[in-house]
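Coordinates as given in work_12.cif (mmCIF, C-alpha atoms):
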data_protein
#
loop_
_atom_site.label_atom_id
_atom_site.label_comp_id
_atom_site.auth_asym_id
_atom_site.auth_seq_id
_atom_site.Cartn_x
_atom_site.Cartn_y
_atom_site.Cartn_z
CA MET A 49 154.68 -20.17 219.26
CA MET A 50 157.06 -18.62 216.75
CA ARG A 51 160.33 -17.51 218.32
CA GLN A 52 161.99 -14.17 217.68
CA LEU A 53 163.78 -13.88 214.36
CA ASN A 54 166.42 -11.51 213.06
CA SER A 55 166.40 -9.68 209.76
CA ILE A 56 169.91 -9.89 208.30
CA ARG A 57 170.63 -7.96 205.14
CA MET A 58 173.78 -7.68 203.05
CA ARG A 59 174.63 -5.08 200.45
CA ALA A 60 177.90 -4.96 198.51
CA GLU A 61 179.02 -2.19 196.18
CA ARG A 62 181.99 -0.97 194.18
CA ASP A 63 182.47 2.78 193.90
CA TYR A 64 178.78 3.33 194.80
CA MET A 65 177.58 0.81 192.18
CA HIS A 66 175.43 -2.06 193.47
CA ILE A 67 177.14 -5.45 193.13
CA SER A 68 175.28 -7.90 195.34
CA GLY A 69 172.58 -8.14 198.00
CA ALA A 70 170.86 -10.77 200.13
CA GLU A 71 168.06 -11.03 202.73
CA ARG A 72 167.20 -13.61 205.39
CA LEU A 73 165.01 -13.95 208.50
CA VAL A 74 166.82 -16.26 210.90
CA PRO A 75 166.96 -17.17 214.61
CA THR A 76 169.87 -15.80 216.62
CA ASP A 77 171.78 -19.09 216.70
CA GLN A 78 172.04 -19.07 212.88
CA LEU A 79 173.23 -15.48 212.47
CA GLY A 80 176.93 -16.34 212.38
CA ASP A 81 176.67 -18.96 209.65
CA VAL A 82 174.33 -16.83 207.54
CA ALA A 83 176.56 -13.76 207.89
CA VAL A 84 179.63 -15.70 206.74
CA ALA A 85 177.72 -17.09 203.74
CA MET A 86 176.60 -13.58 202.77
CA LEU A 87 180.15 -12.24 203.01
CA GLN A 88 181.45 -15.05 200.83
CA ARG A 89 178.73 -14.35 198.30
CA ALA A 90 179.68 -10.68 198.13
CA LEU A 91 183.38 -11.44 197.75
CA GLN A 92 182.89 -14.08 195.04
CA HIS A 93 180.26 -12.32 192.93
CA PRO A 94 180.59 -12.59 189.11
CA ARG A 95 180.22 -8.82 188.78
CA GLY A 96 183.72 -8.46 190.21
CA PRO A 97 185.45 -7.12 193.33
CA VAL A 98 183.67 -4.93 195.87
CA SER A 99 184.88 -1.89 197.77
CA LYS A 100 182.26 -1.91 200.52
CA ILE A 101 180.13 -4.58 202.21
CA LYS A 102 177.39 -3.69 204.65
CA LEU A 103 175.70 -6.20 206.98
CA GLN A 104 172.73 -5.10 209.06
CA VAL A 105 170.91 -7.15 211.67
CA ASP A 106 167.60 -6.15 213.28
CA ALA A 107 165.60 -8.18 215.78
CA VAL A 108 162.00 -8.89 214.71
CA ASN A 109 159.33 -9.89 217.21
CA ALA A 110 156.96 -12.71 216.31
CA GLN A 111 153.89 -10.44 216.45
CA ASP A 112 155.47 -8.19 213.82
CA ILE A 113 155.75 -10.92 211.19
CA ASP A 114 153.18 -11.47 208.42
CA ILE A 115 152.77 -15.08 207.26
CA GLY A 116 152.50 -15.75 203.53
CA ARG A 117 152.74 -18.31 200.75
CA LEU A 118 154.70 -18.77 197.56
CA PRO A 119 152.88 -18.33 194.25
CA ASN A 120 152.71 -21.28 191.88
CA LEU A 121 155.70 -21.47 189.54
CA TYR A 122 155.23 -21.79 185.77
CA SER A 123 158.32 -22.21 183.57
CA ASN A 124 158.26 -20.72 180.07
CA THR A 125 160.95 -21.64 177.53
CA VAL A 126 161.81 -19.40 174.57
CA MET A 127 164.55 -19.50 171.93
CA ASP A 128 166.13 -16.08 172.61
CA TRP A 129 165.84 -13.06 174.88
CA GLN A 130 163.94 -11.03 172.29
CA GLU A 131 161.16 -13.63 172.35
CA GLY A 132 161.42 -13.66 176.13
CA ARG A 133 160.67 -9.95 176.30
CA LYS A 134 157.71 -10.31 173.93
CA LEU A 135 156.36 -13.01 176.21
CA ALA A 136 156.99 -10.87 179.30
CA LEU A 137 155.00 -8.05 177.71
CA LYS A 138 152.14 -10.42 176.97
CA LEU A 139 152.16 -11.79 180.53
CA LEU A 140 152.17 -8.30 182.03
CA VAL A 141 149.18 -7.28 179.94
CA THR A 142 147.36 -10.47 180.94
CA ALA A 143 148.05 -9.62 184.59
CA GLY A 144 146.41 -6.21 184.17
CA VAL A 145 149.24 -3.84 183.21
CA THR A 146 148.66 -1.67 180.15
CA ALA A 147 150.91 -2.36 177.16
CA ASN A 148 152.15 1.23 177.31
CA SER A 149 153.20 0.93 180.94
CA ALA A 150 154.86 -2.45 180.41
CA GLU A 151 156.80 -1.23 177.37
CA LYS A 152 158.07 1.88 179.19
CA ALA A 153 159.28 -0.16 182.16
CA MET A 154 160.97 -2.78 180.00
CA GLN A 155 162.80 -0.11 178.05
CA ALA A 156 163.93 1.56 181.27
CA LEU A 157 165.35 -1.72 182.59
CA ALA A 158 167.08 -2.39 179.27
CA ASP A 159 168.66 1.08 179.20
CA GLY A 160 169.58 1.07 182.88
CA ALA A 161 166.85 2.55 185.06
CA ALA A 162 169.17 4.57 187.32
CA PRO A 163 170.79 7.84 186.27
CA GLY A 164 173.74 7.29 183.97
CA GLY A 165 172.31 4.07 182.57
CA GLN A 166 173.17 1.97 185.64
CA SER A 167 171.05 -0.67 187.35
CA MET A 168 169.01 0.58 190.28
CA ARG A 169 169.68 -0.56 193.83
CA GLY A 170 166.01 -1.34 194.28
CA ALA A 171 162.92 -1.54 192.08
CA MET A 172 161.07 0.96 189.95
CA LEU A 173 157.57 1.77 191.19
CA VAL A 174 155.50 2.11 188.03
CA ASP A 175 151.89 3.20 187.54
CA ALA A 176 150.24 0.17 185.92
CA ASP A 177 148.11 2.37 183.66
CA SER A 178 150.26 5.34 182.63
CA GLY A 179 153.76 3.94 183.00
CA GLN A 180 154.78 6.91 185.15
CA ARG A 181 157.58 6.19 187.60
CA LEU A 182 156.50 6.90 191.15
CA GLU A 183 159.58 6.21 193.28
CA LYS A 184 161.16 9.26 194.90
CA ASP A 185 164.76 8.26 194.23
CA PHE A 186 165.55 6.93 190.74
CA SER A 187 168.86 5.50 191.93
CA ARG A 188 167.66 3.69 195.02
CA GLY A 189 164.09 2.86 194.03
CA VAL A 190 161.98 0.77 196.40
CA ARG A 191 163.49 -2.17 198.29
CA ALA A 192 161.32 -5.19 199.01
CA SER A 193 162.96 -6.37 202.22
CA ARG A 194 162.72 -8.50 205.39
CA MET A 195 161.30 -11.67 203.83
CA ASP A 196 162.29 -15.33 203.95
CA LEU A 197 161.09 -18.92 203.86
CA SER A 198 160.55 -20.90 207.02
CA VAL A 199 162.94 -23.83 207.46
CA ALA A 200 160.23 -26.32 206.46
CA ALA A 201 159.08 -24.26 203.48
CA ARG A 202 162.65 -23.82 202.20
CA LYS A 203 163.24 -27.56 202.36
CA GLU A 204 159.93 -28.29 200.64
CA LEU A 205 160.57 -25.75 197.89
CA ILE A 206 164.04 -27.09 197.08
CA GLU A 207 162.69 -30.66 196.89
CA LYS A 208 159.91 -29.53 194.56
CA LEU A 209 162.35 -27.61 192.35
CA LYS A 210 164.89 -30.44 191.99
CA PRO A 211 162.99 -32.48 189.36
CA HIS A 212 162.90 -29.34 187.20
CA GLY A 213 166.56 -28.43 187.66
CA LEU A 214 165.67 -25.13 189.35
CA GLU A 215 166.92 -25.69 192.91
CA ASN A 216 169.37 -22.76 192.73
CA GLN A 217 169.84 -19.59 194.74
CA HIS A 218 168.50 -17.33 191.98
CA VAL A 219 165.13 -19.07 191.77
CA VAL A 220 164.65 -19.55 195.53
CA GLU A 221 165.45 -15.91 196.35
CA ALA A 222 163.46 -14.50 193.44
CA MET A 223 160.37 -16.50 194.35
CA THR A 224 160.69 -15.40 197.97
CA LEU A 225 160.85 -11.73 197.03
CA ALA A 226 158.05 -12.04 194.48
CA ALA A 227 155.82 -13.69 197.09
CA LYS A 228 156.01 -10.64 199.32
CA VAL A 229 155.58 -8.18 196.46
CA VAL A 230 152.46 -9.73 194.96
CA ALA A 231 150.91 -10.16 198.41
CA ALA A 232 150.38 -6.38 198.51
CA PRO A 233 146.90 -5.60 197.12
CA GLU A 234 148.18 -2.45 195.40
CA ILE A 235 150.64 -4.47 193.28
CA VAL A 236 149.32 -5.54 189.88
CA ALA A 237 152.46 -7.37 188.75
CA GLU A 238 156.24 -7.50 189.00
CA LEU A 239 158.81 -7.76 186.21
CA CYS A 240 162.40 -8.79 186.88
CA TRP A 241 165.54 -9.84 185.12
CA SER A 242 168.87 -10.15 186.89
CA ASP A 243 171.81 -7.74 186.75
CA ASP A 244 174.18 -10.71 187.10
CA PRO A 245 175.98 -10.91 183.73
CA ASP A 246 175.84 -14.71 183.50
CA TYR A 247 172.18 -15.18 184.50
CA GLN A 248 169.70 -14.59 181.68
CA ALA A 249 166.42 -15.75 183.21
CA GLY A 250 163.76 -13.54 184.69
CA TYR A 251 160.08 -13.54 185.53
CA VAL A 252 156.71 -11.86 185.61
CA ALA A 253 154.77 -12.38 188.84
CA SER A 254 151.25 -11.51 189.93
CA ALA A 255 148.70 -12.68 192.46
CA LYS A 256 146.48 -13.57 189.52
CA ASP A 257 148.85 -15.67 187.40
CA GLY A 258 151.61 -16.73 189.81
CA TYR A 259 155.35 -16.71 189.20
CA GLN A 260 155.96 -16.96 185.45
CA ARG A 261 159.64 -17.79 184.92
CA ILE A 262 161.13 -17.06 181.49
CA ASN A 263 164.44 -18.75 180.69
CA LEU A 264 165.84 -15.89 178.56
CA LEU A 265 165.14 -12.22 179.19
CA LYS A 266 168.46 -10.53 178.41
CA PRO A 267 171.67 -11.11 176.42
CA PHE A 268 174.48 -13.08 178.06
CA GLY A 269 177.01 -10.73 179.66
CA GLU A 270 174.56 -7.84 180.08
CA GLU A 271 174.84 -6.24 183.53
CA ARG A 272 171.81 -3.99 183.27
CA GLY A 273 168.76 -5.44 184.95
CA GLY A 274 166.43 -4.89 187.86
CA ARG A 275 162.80 -4.90 188.90
CA ALA A 276 159.61 -3.01 188.20
CA PHE A 277 156.67 -3.10 190.61
CA PHE A 278 153.49 -2.13 188.76
CA VAL A 279 150.96 -0.49 191.08
CA ARG A 280 147.39 0.71 190.85
CA CYS A 281 146.49 2.95 193.76
CA GLY A 282 146.17 6.57 194.76
CA ARG A 283 149.24 8.53 195.76
CA GLU A 284 148.03 8.62 199.36
CA GLN A 285 148.44 4.82 199.48
CA LEU A 286 151.98 4.78 198.09
CA ALA A 287 153.68 5.69 201.35
CA SER A 288 152.02 2.84 203.25
CA LEU A 289 152.79 0.40 200.41
CA VAL A 290 156.46 1.35 200.37
CA ASP A 291 156.65 1.11 204.16
CA TRP A 292 155.12 -2.39 204.08
CA LEU A 293 157.45 -3.58 201.30
CA GLU A 294 160.55 -2.23 203.00
CA GLN A 295 159.86 -2.61 206.71
CA ARG A 296 157.30 -5.32 207.45
CA ALA A 297 158.68 -8.83 208.02
CA PHE A 298 157.15 -11.51 205.80
CA LEU A 299 157.71 -15.22 206.47
CA ILE A 300 156.58 -17.80 203.93
CA GLU A 301 155.24 -21.03 205.39
CA THR A 302 153.29 -22.45 202.42
CA VAL A 303 154.76 -23.57 199.09
CA GLY A 304 152.73 -23.53 195.89
CA ASP A 305 152.83 -25.93 192.94
CA ILE A 306 155.77 -26.20 190.52
CA TYR A 307 154.78 -26.93 186.93
CA PRO A 308 156.90 -28.43 184.11
CA ALA A 309 158.42 -26.11 181.53
CA VAL A 310 156.27 -25.17 178.54
CA ASP A 311 157.74 -24.16 175.16
CA ARG A 312 156.44 -20.65 174.51
CA THR A 313 158.38 -20.00 171.33
CA ILE A 314 156.50 -17.47 169.23
CA GLY A 315 155.99 -18.92 165.77
#
As a first step, turn the structure in this file into structure tokens.
Amino acid sequence: MMRQLNSIRMRAERDYMHISGAERLVPTDQLGDVAVAMLQRALQHPRGPVSKIKLQVDAVNAQDIDIGRLPNLYSNTVMDWQEGRKLALKLLVTAGVTANSAEKAMQALADGAAPGGQSMRGAMLVDADSGQRLEKDFSRGVRASRMDLSVAARKELIEKLKPHGLENQHVVEAMTLAAKVVAAPEIVAELCWSDDPDYQAGYVASAKDGYQRINLLKPFGEERGGRAFFVRCGREQLASLVDWLEQRAFLIETVGDIYPAVDRTIG
């Protein structure tokens, strides 16, 4: 029987601007170590010093946890970020997002999707057909939250990533989040590139085509980034989708396949 876990979440900001965040689902005896690691991460972030760090811990009963799996990982290599965005557009369309919707979301992320041209704290919620933004708060967006890998799945994933040189925090956390997002039937696809200035990779994920990592999706040093969740559902379903993404615990126990990088340079 699965024992009780705790959702521990960290958010760090500077003058109301998001700097860093992290999520874990851990047993009580690991809370101290995980909390310290999250604090260190916030204090040493490449986006600079923080003025506020918030840690929140909530107990989660075993019966309130959904069990999931990681999507297969496909690595796509391009020569520059412009080609990366062309590939991301193609992958989104293949997943079922209209070109118009994908282009609008990509431009919003590039310009800074929050008011004032800043990165959002969460993700845009985008109609997969029209490109209309559906989130209530354009600064906060929608937060996919309360997800993690089981101890065995985390170990297995890192071992599978090592031969490909991808056993880093960015990839592990991004795959974990994407796994929860694409598990929702209303989600057509997700697009993400990081707001960390020194991390240029990103991905397109969908239940149909897995986690499609792209090595270059933004210029080096660019701090604008974020996520777009493309949805296809009626407005009456949005509230339940957002509640599931933000509140329902999701523990990954199965790891998918990791494929070698493929050169996707557009000739």
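Nearest to Gly189 in chain A of all the residues A:Leu293, A:Ala110, A:Val141, A:Leu118 is A:Leu293, counting all atoms listed in the file.
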Mind running range 96-168 of chain A against range 202-221 of chain A at 12 Å and telling me each contacting residue's nearest atom pair with the distance in Å (one decimal), counting only C-alpha atoms, chain and number ascending, as a tab-separated table?
residue	atom	partner	partner_atom	distance
A:Arg117	CA	A:Leu205	CA	11.2
A:Leu118	CA	A:Leu205	CA	9.1
A:Pro119	CA	A:Leu205	CA	11.3
A:Asn120	CA	A:Leu205	CA	10.9
A:Leu121	CA	A:Leu209	CA	9.5
A:Tyr122	CA	A:His212	CA	10.9
A:Ser123	CA	A:His212	CA	9.2
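Between Arg51 in chain A and the candidates A:Gln88, A:Asn109, A:Gln155, A:Gln260, the tightest atom-to-atom separation, counting only C-alpha atoms, involves A:Asn109.
The residues returned by the PyMOL selection byres ((chain A and resi 300) around 7) for this structure are Ile115, Gly116, Arg117, Leu118, Asp196, Leu197, Ser198, Ala201, Phe298, Leu299, Glu301 and Thr302 of chain A.
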Picked residues, the PyMOL selection byres ((chain A and resi 277) around 6), as a VMD selection string: chain A and resid 173 to 174 238 276 278
key: Residue neighbourhood Gly179 in chain A, 10 Å, only C-alpha atoms, exclusion window fewer than 3 positions, as a ChimeraX atom specification   = /A:145-153,173-176,182,278-279
Go ahead and save the picked residues with C-alpha atoms, as a PDB file, in the frame of the given file.
ATOM      1  CA  VAL A 145     149.240  -3.840 183.210  1.00  0.00           C
ATOM      2  CA  THR A 146     148.660  -1.670 180.150  1.00  0.00           C
ATOM      3  CA  ALA A 147     150.910  -2.360 177.160  1.00  0.00           C
ATOM      4  CA  ASN A 148     152.150   1.230 177.310  1.00  0.00           C
ATOM      5  CA  SER A 149     153.200   0.930 180.940  1.00  0.00           C
ATOM      6  CA  ALA A 150     154.860  -2.450 180.410  1.00  0.00           C
ATOM      7  CA  GLU A 151     156.800  -1.230 177.370  1.00  0.00           C
ATOM      8  CA  LYS A 152     158.070   1.880 179.190  1.00  0.00           C
ATOM      9  CA  ALA A 153     159.280  -0.160 182.160  1.00  0.00           C
ATOM     10  CA  LEU A 173     157.570   1.770 191.190  1.00  0.00           C
ATOM     11  CA  VAL A 174     155.500   2.110 188.030  1.00  0.00           C
ATOM     12  CA  ASP A 175     151.890   3.200 187.540  1.00  0.00           C
ATOM     13  CA  ALA A 176     150.240   0.170 185.920  1.00  0.00           C
ATOM     14  CA  LEU A 182     156.500   6.900 191.150  1.00  0.00           C
ATOM     15  CA  PHE A 278     153.490  -2.130 188.760  1.00  0.00           C
ATOM     16  CA  VAL A 279     150.960  -0.490 191.080  1.00  0.00           C
TER      17      VAL A 279
END
Judged by only C-alpha atoms, the minimum distance to Glu270 in chain A among A:Gly144, A:Pro94, A:Pro245, A:Pro163 is found for A:Pro245
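In this structure, CA of Met195 in chain A sits 28.7 Å away from CA of Gly165 in chain A.
Here CA of Arg275 in chain A stands at a distance of 24.7 Å from CA of Pro308 in chain A.
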Take every atom of range 124-133 of chain A listed in the file, fit an axis-aligned box around them, add 5 Å per side, and give the centre and edge lengths in Å to one decimal as lines of an AutoDock Vina configuration file.
center_x = 162.2
center_y = -15.8
center_z = 176.0
size_x = 17.9
size_y = 21.7
size_z = 18.1
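Taking CA of Ala158 in chain A and CA of Gly274 in chain A as endpoints, the distance between them is 9.0 Å.
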